[in-house]
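Everything on this sheet refers to the single structure shown next.
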Protein chains: 2
Amino acid sequence: MEHITIKDIAKALNLSTSTVSRALRGSHEINPVTKLLVMEYAEKFNYQPNPIALSLKENKSRSIGVIVPEIDNPFFSQAINGIEDIAYNKGYQVVIFQSHESYEREVINTQHITSRRVDGLLISLSGQTTNVEHLKNLHDKGLPIVLFDRISDEINTHKVISDNFEGSFNGTEHLIKTGRKRIAHIAASPHLSISKERVKGYLAALAKHNIPVDESLLKYCNYGLQDIEVVIDQLFANETPPDAIFTASDRLALGCLSTLKKRNIKVPEDIALIGFTNLKVAALLAPSLSTIVQPALDMGKRSAELLFDLIENTSKLPKSYRTFKLYTELIVRNSSVMKSDEERL
Amino acid sequence: MEHITIKDIAKALNLSTSTVSRALRGSHEINPVTKLLVMEYAEKFNYQPNPIALSLKENKSRSIGVIVPEIDNPFFSQAINGIEDIAYNKGYQVVIFQSHESYEREVINTQHITSRRVDGLLISLSGQTTNVEHLKNLHDKGLPIVLFDRISDEINTHKVISDNFEGSFNGTEHLIKTGRKRIAHIAASPHLSISKERVKGYLAALAKHNIPVDESLLKYCNYGLQDIEVVIDQLFANETPPDAIFTASDRLALGCLSTLKKRNIKVPEDIALIGFTNLKVAALLAPSLSTIVQPALDMGKRSAELLFDLIENTSKLPKSYRTFKLYTELIVRNSSVMKSDEERL
DNA sequence: AATCTTTTCGGGAACGTTGCCATTAGTGTA
DNA sequence: TACACTAATGGCAACGTTCCCGAAAAGATT
């Protein structure tokens, strides 16, 4: 990969590098004839400015870092899709990191991030993360950061989330209204903001309808299939097992469905199931999965927009950071409502 | 984001930058006392070498570019997962680009790639791409490139694919062996290598079992849901409609399933369906989807390994480039076999 | 004719780092 | 005592670009 440089052009045309540089950028203080000469030569030999040299000079990289737990998770890949879209239009590069839900890996990633001099950071916290000092440090040093989906109260910056409380509330209330009495909630990692908010929504819906809280119906669970099986079995070991499960994520809902099938527990007859998800295939599952949809793509876009806002106005700090709540939507399908006809076609 | 530099250390310790540089890298020609002094100062003020300055000097970026059609496609996000894994261990950054199945966008991406001075490129071609001059140019200029999944014969470099022919052959033969007579094949973009190979496998299986080829049963189709509906309707407008559909991708299979449901055509009773996919949820669909599994993660890993091999041995060009074929596996589920009991529980 | 402006260009520093080539002081050798 | 030799360090160029400063020539103004 050899590249022609401004020096090469200068030498070939018997000009100085400064003249070539200015000609290339169309400066008015260059003779139109010279300008044309330079332009044509550059065109002919396919001159491309070296962004690394520019980065060194301007002390910015025109790239942003993105840290997500797993890229191979539809929610995050959709969000990244949105991020890439905005970044592309801004002429920025997107550099991807995965924490694999590990705190240590997340810390290492942030170190890479700084050493690589990205201009900003988008991050959704790992499930293990309870301490956010590594991010605070970066932010204090002036790195623009936007948190999305899995956020932390301890960092004062822009944040983008979906309305987890409302979504959770609506999902739970839907189960109540369709006659379910013992509604279990399976949450993800207890450290996560999304878990906390969704648990709150769940509890609020129960409270509104005067349903007593049964601690044994509130479970926290990892994404692994074995973990889910354990939780399901615990729930059904209960003297009066649940007649509905509201799971806090797509993966959990899929795991539940799979386990329930294996245990020969019928959905929705024996138990209603509703997820918190964005899976495109939710409608095609057996039974089709009721769910609370999150706008992953929009979350990615919005987060990226906010980040670029911070990056480009890095001098004048915003007087106040905001947390943007995006809509959620309850979609009722067969897993939560008995429609015997459709289910048995 | 302010960073301490070697100059800062030199000034503070009353040394020259070269001495500091050498001390930091543990050179033997530096007095151990000085070395320690420098090391401690660097540690204390959290010195991190500036990779951009290094890149400029060494003319490499320690980053690789990845161009995929859509990141929000489970196959590609899994592949990227594998790529990121290898790159992480090598200390390289992964920069993501999407072509959105557009040839123009792909060309623009390759331009960005070069101007950004990545050290290597991993690419899976867009569905529109028929001309690969843009990649040939890069390759001729010495940029290490590895193609994966959607490859082109016209570029002579390492390639990683799954055994599309065999997978397709096995899938088709499975349908034949379970008694299907009129087997349709819905392929993706006719330009894609994967389409061609899968069509070949399909035809080979028909030939082996002396089933005449009916051109009207071989369709090419985009990923859009409307496109799929059109194709399905065409197939069923046939005087003797198919009794099996073998689709060449996950998305197509999902679209088919959805359309068939809408048209009230029963799977697998009226028609068998089998996909070419890696979807984790395939087992949970209604009916569960028979499929040919591709090792997306492994493809990503292998591609990345090959790329780093090329990057690190860039001086000595390999005498011959290879195309690596990874295994596929046929998984039979309910969409292709009638198991009336299980299906009606 | 003398001075002031423009126009058009070149020189050189700077960004952070490395590596080559001095340079100094101290040590050993003939 | 003069010489070579080593250890330890400094100076400087280079990577590609921009930008500030200055300079020369031509034109405009008095």
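Naming scheme: A, B, ... for chains in displayed order of the structure tokens; residues 1 onward per chain; ligands 1 onward as shown.
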With the cut-off set at 8 Å and counting only C-alpha atoms (C1' of nucleotides), tabulate each residue of chain C with an atom at most that distance from an atom of chain B, showing the nearest atom pair and its distance in Å to one decimal, ordered by chain and increasing number, as CSV.
residue,atom,partner,partner_atom,distance
C:DG16,C1',B:Ala53,CA,5.1
C:DT17,C1',B:Ala53,CA,5.9
C:DT18,C1',B:Ser21,CA,7.7
Using all C-alpha atoms paired in order, least-squares fit chain A onto chain B and give me the moved copy as a compact mmCIF listing (two decimals) with C-alpha atoms, in the first residue's frame.
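Saved as out08.txt:
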# COMPACT_ATOMS: atom_id res chain seq x y z
CA MET A 1 -8.45 14.39 26.64
CA GLU A 2 -4.94 15.51 27.43
CA HIS A 3 -2.12 13.06 27.28
CA ILE A 4 1.37 13.15 28.67
CA THR A 5 4.09 12.65 26.07
CA ILE A 6 7.64 11.44 26.01
CA LYS A 7 8.73 15.04 25.71
CA ASP A 8 6.98 15.91 28.94
CA ILE A 9 8.75 13.13 30.74
CA ALA A 10 12.09 14.14 29.23
CA LYS A 11 11.64 17.71 30.32
CA ALA A 12 10.56 16.80 33.82
CA LEU A 13 13.46 14.43 34.33
CA ASN A 14 16.03 16.48 32.48
CA LEU A 15 16.66 13.80 29.91
CA SER A 16 16.46 13.63 26.17
CA THR A 17 13.46 12.18 24.39
CA SER A 18 15.58 9.40 22.96
CA THR A 19 16.67 8.33 26.41
CA VAL A 20 13.12 8.32 27.67
CA SER A 21 11.96 6.42 24.63
CA ARG A 22 14.60 3.77 25.13
CA ALA A 23 14.03 3.58 28.86
CA LEU A 24 10.35 3.00 28.29
CA ARG A 25 11.07 0.14 25.95
CA GLY A 26 13.52 -1.36 28.40
CA SER A 27 16.57 -0.92 26.24
CA HIS A 28 19.74 -2.43 27.74
CA GLU A 29 21.76 0.61 26.91
CA ILE A 30 20.04 2.69 29.56
CA ASN A 31 21.25 2.88 33.13
CA PRO A 32 18.94 0.82 35.34
CA VAL A 33 18.59 3.76 37.68
CA THR A 34 17.51 6.10 34.91
CA LYS A 35 15.24 3.42 33.55
CA LEU A 36 13.48 3.06 36.86
CA LEU A 37 13.12 6.79 37.23
CA VAL A 38 11.48 7.08 33.83
CA MET A 39 9.27 4.07 34.38
CA GLU A 40 8.01 5.39 37.66
CA TYR A 41 7.31 8.82 36.30
CA ALA A 42 5.48 7.33 33.33
CA GLU A 43 3.46 5.10 35.62
CA LYS A 44 2.63 7.92 37.96
CA PHE A 45 1.37 10.23 35.27
CA ASN A 46 -0.21 7.44 33.29
CA TYR A 47 1.84 7.77 30.16
CA GLN A 48 0.29 6.07 27.15
CA PRO A 49 2.21 6.03 23.90
CA ASN A 50 0.44 7.82 21.10
CA PRO A 51 -0.51 5.18 18.55
CA ILE A 52 -1.16 7.80 15.93
CA ALA A 53 2.40 9.03 16.06
CA LEU A 54 3.53 5.45 15.81
CA SER A 55 1.24 4.82 12.89
CA LEU A 56 2.66 7.78 11.08
CA LYS A 57 6.17 6.63 11.67
CA GLU A 58 5.68 2.98 10.86
CA ASN A 59 3.14 3.60 8.17
CA LYS A 60 0.67 1.16 9.58
CA SER A 61 -2.41 1.62 11.66
CA ARG A 62 -2.81 -1.61 13.60
CA SER A 63 -6.39 -1.68 12.52
CA ILE A 64 -8.26 -3.80 10.03
CA GLY A 65 -11.32 -2.89 8.03
CA VAL A 66 -14.36 -5.12 7.80
CA ILE A 67 -16.97 -4.59 5.11
CA VAL A 68 -20.17 -6.58 5.43
CA PRO A 69 -23.52 -6.12 3.74
CA GLU A 70 -25.38 -5.62 7.01
CA ILE A 71 -24.11 -5.81 10.51
CA ASP A 72 -27.66 -6.36 11.66
CA ASN A 73 -27.73 -9.85 10.20
CA PRO A 74 -27.03 -12.68 12.59
CA PHE A 75 -24.65 -14.38 10.24
CA PHE A 76 -22.47 -11.33 9.90
CA SER A 77 -22.64 -10.22 13.49
CA GLN A 78 -21.51 -13.69 14.50
CA ALA A 79 -18.71 -13.54 11.99
CA ILE A 80 -17.67 -10.13 13.28
CA ASN A 81 -17.73 -11.56 16.77
CA GLY A 82 -15.14 -14.08 15.64
CA ILE A 83 -13.12 -11.42 13.86
CA GLU A 84 -13.12 -9.16 16.89
CA ASP A 85 -12.00 -12.04 19.05
CA ILE A 86 -8.88 -12.69 16.99
CA ALA A 87 -8.15 -9.01 16.42
CA TYR A 88 -8.44 -8.30 20.13
CA ASN A 89 -5.83 -10.88 20.93
CA LYS A 90 -3.55 -9.47 18.27
CA GLY A 91 -3.95 -5.94 19.57
CA TYR A 92 -5.66 -4.74 16.44
CA GLN A 93 -8.73 -2.60 16.13
CA VAL A 94 -11.71 -3.56 14.03
CA VAL A 95 -13.29 -0.86 11.93
CA ILE A 96 -16.73 -1.70 10.64
CA PHE A 97 -18.32 -0.70 7.35
CA GLN A 98 -21.66 -1.71 5.86
CA SER A 99 -22.35 -1.89 2.16
CA HIS A 100 -26.08 -2.27 2.67
CA GLU A 101 -26.00 -4.63 -0.30
CA SER A 102 -25.15 -1.67 -2.51
CA TYR A 103 -22.31 -1.77 -5.01
CA GLU A 104 -21.79 1.97 -4.89
CA ARG A 105 -21.61 2.01 -1.16
CA GLU A 106 -19.15 -0.84 -1.24
CA VAL A 107 -16.89 1.11 -3.59
CA ILE A 108 -17.08 4.17 -1.37
CA ASN A 109 -16.26 2.01 1.61
CA THR A 110 -13.15 0.67 -0.05
CA GLN A 111 -12.07 4.24 -0.74
CA HIS A 112 -12.51 5.08 2.92
CA ILE A 113 -10.60 1.95 3.76
CA THR A 114 -7.57 3.01 1.78
CA SER A 115 -7.61 6.59 2.82
CA ARG A 116 -7.78 5.41 6.41
CA ARG A 117 -4.71 3.27 5.94
CA VAL A 118 -6.03 0.08 7.47
CA ASP A 119 -3.50 -2.73 7.48
CA GLY A 120 -5.85 -5.25 5.94
CA LEU A 121 -9.36 -5.84 4.74
CA LEU A 122 -11.98 -8.50 5.39
CA ILE A 123 -14.91 -8.36 3.05
CA SER A 124 -18.06 -10.19 2.17
CA LEU A 125 -19.40 -8.87 -1.12
CA SER A 126 -22.64 -6.98 -1.52
CA GLY A 127 -25.48 -8.59 -3.43
CA GLN A 128 -25.18 -6.02 -6.18
CA THR A 129 -21.49 -6.44 -6.75
CA THR A 130 -20.54 -7.91 -10.11
CA ASN A 131 -17.43 -5.88 -10.77
CA VAL A 132 -14.59 -6.24 -8.30
CA GLU A 133 -12.10 -3.83 -9.84
CA HIS A 134 -12.19 -1.70 -6.70
CA LEU A 135 -10.90 -4.63 -4.69
CA LYS A 136 -8.45 -5.76 -7.33
CA ASN A 137 -6.88 -2.33 -7.32
CA LEU A 138 -6.39 -2.41 -3.60
CA HIS A 139 -4.98 -5.88 -3.71
CA ASP A 140 -2.61 -5.01 -6.52
CA LYS A 141 -1.36 -2.10 -4.49
CA GLY A 142 -0.42 -4.55 -1.80
CA LEU A 143 -3.28 -4.37 0.69
CA PRO A 144 -3.84 -7.76 2.30
CA ILE A 145 -7.40 -8.87 1.66
CA VAL A 146 -9.34 -11.92 2.75
CA LEU A 147 -12.75 -12.63 1.27
CA PHE A 148 -15.28 -14.56 3.26
CA ASP A 149 -18.65 -16.11 2.56
CA ARG A 150 -19.53 -14.06 -0.49
CA ILE A 151 -16.41 -14.29 -2.56
CA SER A 152 -15.28 -13.66 -6.12
CA ASP A 153 -13.18 -15.78 -8.43
CA GLU A 154 -11.60 -12.71 -9.91
CA ILE A 155 -9.54 -11.83 -6.88
CA ASN A 156 -6.58 -14.01 -6.13
CA THR A 157 -6.25 -14.12 -2.36
CA HIS A 158 -7.21 -16.21 0.63
CA LYS A 159 -10.91 -16.96 0.89
CA VAL A 160 -13.06 -18.55 3.54
CA ILE A 161 -16.42 -20.07 2.74
CA SER A 162 -18.65 -22.76 4.04
CA ASP A 163 -19.16 -25.80 1.92
CA ASN A 164 -22.16 -24.40 0.15
CA PHE A 165 -22.30 -27.09 -2.48
CA GLU A 166 -22.31 -29.92 0.00
CA GLY A 167 -24.73 -28.21 2.33
CA SER A 168 -27.08 -27.49 -0.49
CA PHE A 169 -26.72 -30.98 -1.87
CA ASN A 170 -27.46 -32.57 1.49
CA GLY A 171 -30.43 -30.34 2.13
CA THR A 172 -31.95 -31.09 -1.24
CA GLU A 173 -31.27 -34.80 -0.97
CA HIS A 174 -32.88 -34.83 2.45
CA LEU A 175 -36.04 -33.42 0.91
CA ILE A 176 -35.92 -36.00 -1.86
CA LYS A 177 -35.42 -38.85 0.56
CA THR A 178 -38.40 -37.79 2.62
CA GLY A 179 -40.56 -38.17 -0.44
CA ARG A 180 -40.74 -34.69 -1.89
CA LYS A 181 -41.08 -34.60 -5.66
CA ARG A 182 -41.26 -30.98 -6.70
CA ILE A 183 -38.57 -29.13 -4.87
CA ALA A 184 -38.22 -25.41 -5.35
CA HIS A 185 -35.08 -23.49 -4.61
CA ILE A 186 -35.13 -19.83 -3.67
CA ALA A 187 -31.69 -18.28 -3.99
CA ALA A 188 -30.46 -14.86 -3.03
CA SER A 189 -28.83 -12.46 -5.48
CA PRO A 190 -27.73 -14.36 -8.60
CA HIS A 191 -24.40 -12.52 -8.58
CA LEU A 192 -23.29 -13.99 -5.31
CA SER A 193 -20.89 -16.88 -5.15
CA ILE A 194 -22.93 -18.46 -2.40
CA SER A 195 -26.01 -18.40 -4.61
CA LYS A 196 -24.21 -20.06 -7.49
CA GLU A 197 -22.70 -22.77 -5.35
CA ARG A 198 -25.95 -23.54 -3.63
CA VAL A 199 -27.81 -23.71 -6.90
CA LYS A 200 -25.19 -26.16 -8.12
CA GLY A 201 -25.67 -28.34 -5.07
CA TYR A 202 -29.40 -28.25 -5.53
CA LEU A 203 -29.14 -29.23 -9.19
CA ALA A 204 -26.61 -31.95 -8.43
CA ALA A 205 -28.91 -33.58 -5.90
CA LEU A 206 -31.79 -33.50 -8.34
CA ALA A 207 -29.59 -35.00 -11.03
CA LYS A 208 -28.36 -37.77 -8.78
CA HIS A 209 -31.94 -38.84 -8.13
CA ASN A 210 -33.01 -38.40 -11.72
CA ILE A 211 -35.41 -35.62 -10.99
CA PRO A 212 -35.85 -33.35 -14.00
CA VAL A 213 -35.09 -29.70 -13.46
CA ASP A 214 -38.04 -27.36 -13.68
CA GLU A 215 -36.76 -23.85 -14.32
CA SER A 216 -39.90 -22.36 -12.88
CA LEU A 217 -39.00 -23.80 -9.48
CA LEU A 218 -35.69 -21.98 -9.34
CA LYS A 219 -36.12 -18.43 -8.12
CA TYR A 220 -33.84 -15.58 -7.18
CA CYS A 221 -35.00 -13.21 -4.56
CA ASN A 222 -34.04 -10.20 -2.47
CA TYR A 223 -34.35 -10.17 1.28
CA GLY A 224 -37.37 -7.90 1.39
CA LEU A 225 -40.56 -9.48 2.63
CA GLN A 226 -42.58 -8.24 -0.34
CA ASP A 227 -40.13 -9.82 -2.75
CA ILE A 228 -40.51 -13.13 -1.00
CA GLU A 229 -44.26 -12.96 -1.13
CA VAL A 230 -44.12 -12.39 -4.86
CA VAL A 231 -41.89 -15.40 -5.34
CA ILE A 232 -44.03 -17.65 -3.17
CA ASP A 233 -47.13 -16.59 -5.08
CA GLN A 234 -45.38 -17.28 -8.37
CA LEU A 235 -44.44 -20.74 -7.19
CA PHE A 236 -48.00 -21.50 -6.19
CA ALA A 237 -49.42 -20.12 -9.39
CA ASN A 238 -47.67 -23.05 -11.04
CA GLU A 239 -50.00 -25.75 -12.41
CA THR A 240 -48.30 -28.27 -10.13
CA PRO A 241 -46.96 -26.24 -7.22
CA PRO A 242 -43.90 -27.36 -5.27
CA ASP A 243 -44.13 -29.66 -2.27
CA ALA A 244 -40.85 -28.43 -0.82
CA ILE A 245 -38.86 -25.24 -0.71
CA PHE A 246 -35.16 -25.10 -0.09
CA THR A 247 -34.13 -21.53 0.60
CA ALA A 248 -30.59 -20.30 0.35
CA SER A 249 -30.53 -18.15 3.45
CA ASP A 250 -31.89 -17.58 6.90
CA ARG A 251 -33.74 -14.43 5.99
CA LEU A 252 -35.39 -16.08 3.04
CA ALA A 253 -36.52 -19.01 5.13
CA LEU A 254 -38.06 -16.70 7.71
CA GLY A 255 -39.79 -14.73 5.00
CA CYS A 256 -41.11 -17.93 3.47
CA LEU A 257 -42.41 -19.18 6.77
CA SER A 258 -44.15 -15.93 7.42
CA THR A 259 -45.67 -15.79 3.95
CA LEU A 260 -46.76 -19.40 4.00
CA LYS A 261 -48.50 -18.81 7.32
CA LYS A 262 -50.23 -15.82 5.87
CA ARG A 263 -51.34 -17.81 2.81
CA ASN A 264 -52.54 -20.57 5.11
CA ILE A 265 -50.23 -23.11 3.55
CA LYS A 266 -49.21 -25.69 6.12
CA VAL A 267 -45.61 -26.55 6.85
CA PRO A 268 -44.58 -29.34 6.61
CA GLU A 269 -47.88 -30.95 5.58
CA ASP A 270 -48.50 -28.98 2.40
CA ILE A 271 -44.93 -28.05 1.82
CA ALA A 272 -41.59 -28.82 3.39
CA LEU A 273 -39.26 -25.96 4.19
CA ILE A 274 -35.56 -25.98 4.82
CA GLY A 275 -33.23 -23.06 5.26
CA PHE A 276 -29.56 -22.26 4.99
CA THR A 277 -28.96 -20.51 8.20
CA ASN A 278 -27.33 -20.14 11.50
CA LEU A 279 -30.16 -18.63 13.46
CA LYS A 280 -30.16 -19.58 17.09
CA VAL A 281 -33.92 -19.36 17.21
CA ALA A 282 -34.49 -21.72 14.30
CA ALA A 283 -35.34 -24.45 16.79
CA LEU A 284 -38.03 -22.34 18.41
CA LEU A 285 -39.91 -21.37 15.29
CA ALA A 286 -43.33 -22.72 14.48
CA PRO A 287 -42.65 -25.18 13.05
CA SER A 288 -39.06 -25.57 14.10
CA LEU A 289 -36.93 -24.96 11.06
CA SER A 290 -34.79 -27.60 9.42
CA THR A 291 -31.65 -25.96 8.27
CA ILE A 292 -28.10 -26.19 7.10
CA VAL A 293 -25.92 -24.65 9.76
CA GLN A 294 -22.95 -22.51 8.82
CA PRO A 295 -20.15 -21.91 11.30
CA ALA A 296 -20.32 -18.12 11.21
CA LEU A 297 -18.15 -17.57 14.25
CA ASP A 298 -15.48 -19.91 12.97
CA MET A 299 -15.59 -18.30 9.56
CA GLY A 300 -14.92 -14.95 11.16
CA LYS A 301 -12.08 -16.33 13.23
CA ARG A 302 -10.48 -18.17 10.39
CA SER A 303 -10.74 -15.19 8.07
CA ALA A 304 -9.13 -12.92 10.62
CA GLU A 305 -6.34 -15.40 11.26
CA LEU A 306 -5.58 -15.60 7.58
CA LEU A 307 -5.61 -11.85 7.26
CA PHE A 308 -3.14 -11.40 10.10
CA ASP A 309 -1.02 -14.04 8.50
CA LEU A 310 -0.90 -11.96 5.35
CA ILE A 311 -0.34 -8.72 7.23
CA GLU A 312 2.52 -10.03 9.28
CA ASN A 313 4.23 -11.73 6.38
CA THR A 314 3.52 -8.99 3.94
CA SER A 315 7.07 -9.08 2.62
CA LYS A 316 7.12 -12.72 1.62
CA LEU A 317 4.00 -13.18 -0.41
CA PRO A 318 2.53 -16.62 -0.04
CA LYS A 319 3.30 -18.70 -3.09
CA SER A 320 -0.32 -19.68 -3.35
CA TYR A 321 -3.56 -18.42 -1.96
CA ARG A 322 -6.05 -20.90 -0.63
CA THR A 323 -9.78 -21.14 -0.35
CA PHE A 324 -10.83 -22.65 2.95
CA LYS A 325 -14.08 -24.56 3.00
CA LEU A 326 -15.67 -24.92 6.40
CA TYR A 327 -18.09 -27.65 7.34
CA THR A 328 -21.84 -27.32 7.14
CA GLU A 329 -24.32 -29.47 8.94
CA LEU A 330 -27.84 -30.50 8.13
CA ILE A 331 -30.17 -30.28 11.08
CA VAL A 332 -33.51 -31.89 10.57
CA ARG A 333 -36.41 -30.41 12.48
CA ASN A 334 -40.13 -30.21 12.00
CA SER A 335 -40.38 -27.97 8.97
CA SER A 336 -39.22 -30.72 6.68
CA VAL A 337 -40.51 -33.86 8.35
CA MET A 338 -44.03 -34.67 9.38
CA LYS A 339 -44.17 -35.52 13.02
CA SER A 340 -47.81 -34.88 13.60
CA ASP A 341 -47.64 -35.71 17.28
CA GLU A 342 -45.02 -33.24 18.30
CA GLU A 343 -46.43 -30.53 16.15
CA ARG A 344 -49.84 -30.55 17.75
CA LEU A 345 -49.02 -30.75 21.42
Find the residues of chain D in contact range of chain A, meaning any atom within 12 Å when counting only C-alpha atoms (C1' of nucleotides), and list them as a list in words.
DC15, DG16, DT17, DT18, DC19 and DC20 of chain D
Same residues, C-alpha atoms (C1' of nucleotides), output as a PDB file, in the first residue's frame:
ATOM      1  C1'  DC D  15       6.873  10.234   9.047  1.00  0.00           C
ATOM      2  C1'  DG D  16       2.621  13.828   6.339  1.00  0.00           C
ATOM      3  C1'  DT D  17       0.208  17.686   7.150  1.00  0.00           C
ATOM      4  C1'  DT D  18      -1.115  22.510   8.371  1.00  0.00           C
ATOM      5  C1'  DC D  19      -0.265  27.128   9.615  1.00  0.00           C
ATOM      6  C1'  DC D  20       2.150  31.134  10.825  1.00  0.00           C
TER       7       DC D  20
END
Taking 2 positions as the minimum chain separation for residues in the same chain, which residues sit within 10 Å of DC5 of chain D when counting only C-alpha atoms (C1' of nucleotides)? Answer as number ranges by chain.
C: 27-29; D: 3, 7
Generate a file of the selected residues that holds C-alpha atoms (C1' of nucleotides), formatted as a PDB file, in the first residue's frame.
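The resulting selection.pdb:
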ATOM      1  C1'  DT C  27      37.905   3.291  32.122  1.00  0.00           C
ATOM      2  C1'  DG C  28      41.339   0.302  30.462  1.00  0.00           C
ATOM      3  C1'  DT C  29      45.558  -0.607  27.668  1.00  0.00           C
TER       4       DT C  29
ATOM      5  C1'  DC D   3      45.259   6.024  22.718  1.00  0.00           C
ATOM      6  C1'  DA D   7      28.759   3.523  28.790  1.00  0.00           C
TER       7       DA D   7
END
Could you pull out the residues in segment 17-253 of chain A that DSSP calls helix (DSSP H, G or I) from the backbone, as a PyMOL selection string?
chain A and resi 17-24+32-44+51-58+74-90+103-115+133-140+164-177+193-208+215-217+225-237+250-253
Among the residues C:DC15, C:DA2, C:DA25, C:DC20, the one that comes closest to DT6 of chain D [using only C-alpha atoms (C1' of nucleotides)]
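Closest to DT6 of chain D of all the choices is C:DA25.
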What separation in Å, quoted to one decimal, exists between atom C1' of DC4 of chain C and atom C1' of DT29 of chain D?
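Result for atom C1' of DC4 of chain C versus atom C1' of DT29 of chain D: 7.5 Å, one decimal.
Summary of the local environment: counting only C-alpha atoms (C1' of nucleotides), residues at most 10 Å from DT24 of chain C, other than itself and those fewer than 3 positions away along its chain, are DA8, DT9 and DG10 of chain D.
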Generate a file of the selected residues that holds N, CA and C atoms (P, O5', C5', C4', C3', O3' and C1' of nucleotides), formatted as a short mmCIF file (atom, residue, chain, number, x, y, z; two decimals), in the first residue's frame.
data_model
loop_
_atom_site.label_atom_id
_atom_site.label_comp_id
_atom_site.auth_asym_id
_atom_site.auth_seq_id
_atom_site.Cartn_x
_atom_site.Cartn_y
_atom_site.Cartn_z
P DA D 8 25.93 2.42 31.55
"O5'" DA D 8 25.60 3.88 31.05
"C5'" DA D 8 26.14 4.99 31.75
"C4'" DA D 8 25.72 6.25 31.07
"C3'" DA D 8 24.20 6.37 30.84
"O3'" DA D 8 23.75 7.57 31.47
"C1'" DA D 8 25.40 6.92 28.88
P DT D 9 22.22 7.90 31.52
"O5'" DT D 9 22.09 8.90 30.30
"C5'" DT D 9 22.74 10.17 30.41
"C4'" DT D 9 22.88 10.78 29.06
"C3'" DT D 9 21.59 11.29 28.43
"O3'" DT D 9 21.46 12.67 28.74
"C1'" DT D 9 23.20 10.46 26.84
P DG D 10 20.18 13.46 28.24
"O5'" DG D 10 20.74 14.14 26.92
"C5'" DG D 10 21.96 14.86 26.98
"C4'" DG D 10 22.29 15.44 25.61
"C3'" DG D 10 21.12 16.13 24.90
"O3'" DG D 10 21.59 17.31 24.27
"C1'" DG D 10 21.94 14.38 23.53
#
Using Å and a single decimal, report how far atom C1' of DC21 of chain C sits from atom C1' of DA4 of chain D.
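Spanning atom C1' of DA4 of chain D to atom C1' of DC21 of chain C is a straight-line distance of 19.2 Å.
Note that the spacing between atom C1' of DA28 of chain D and atom C1' of DC9 of chain C amounts to 20.7 Å.
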Filtered DSSP result for segment 14-167 of chain A, state strand (DSSP E), as a PyMOL selection string
chain A and resi 63-68+93-98+120-123+145-148+158-162
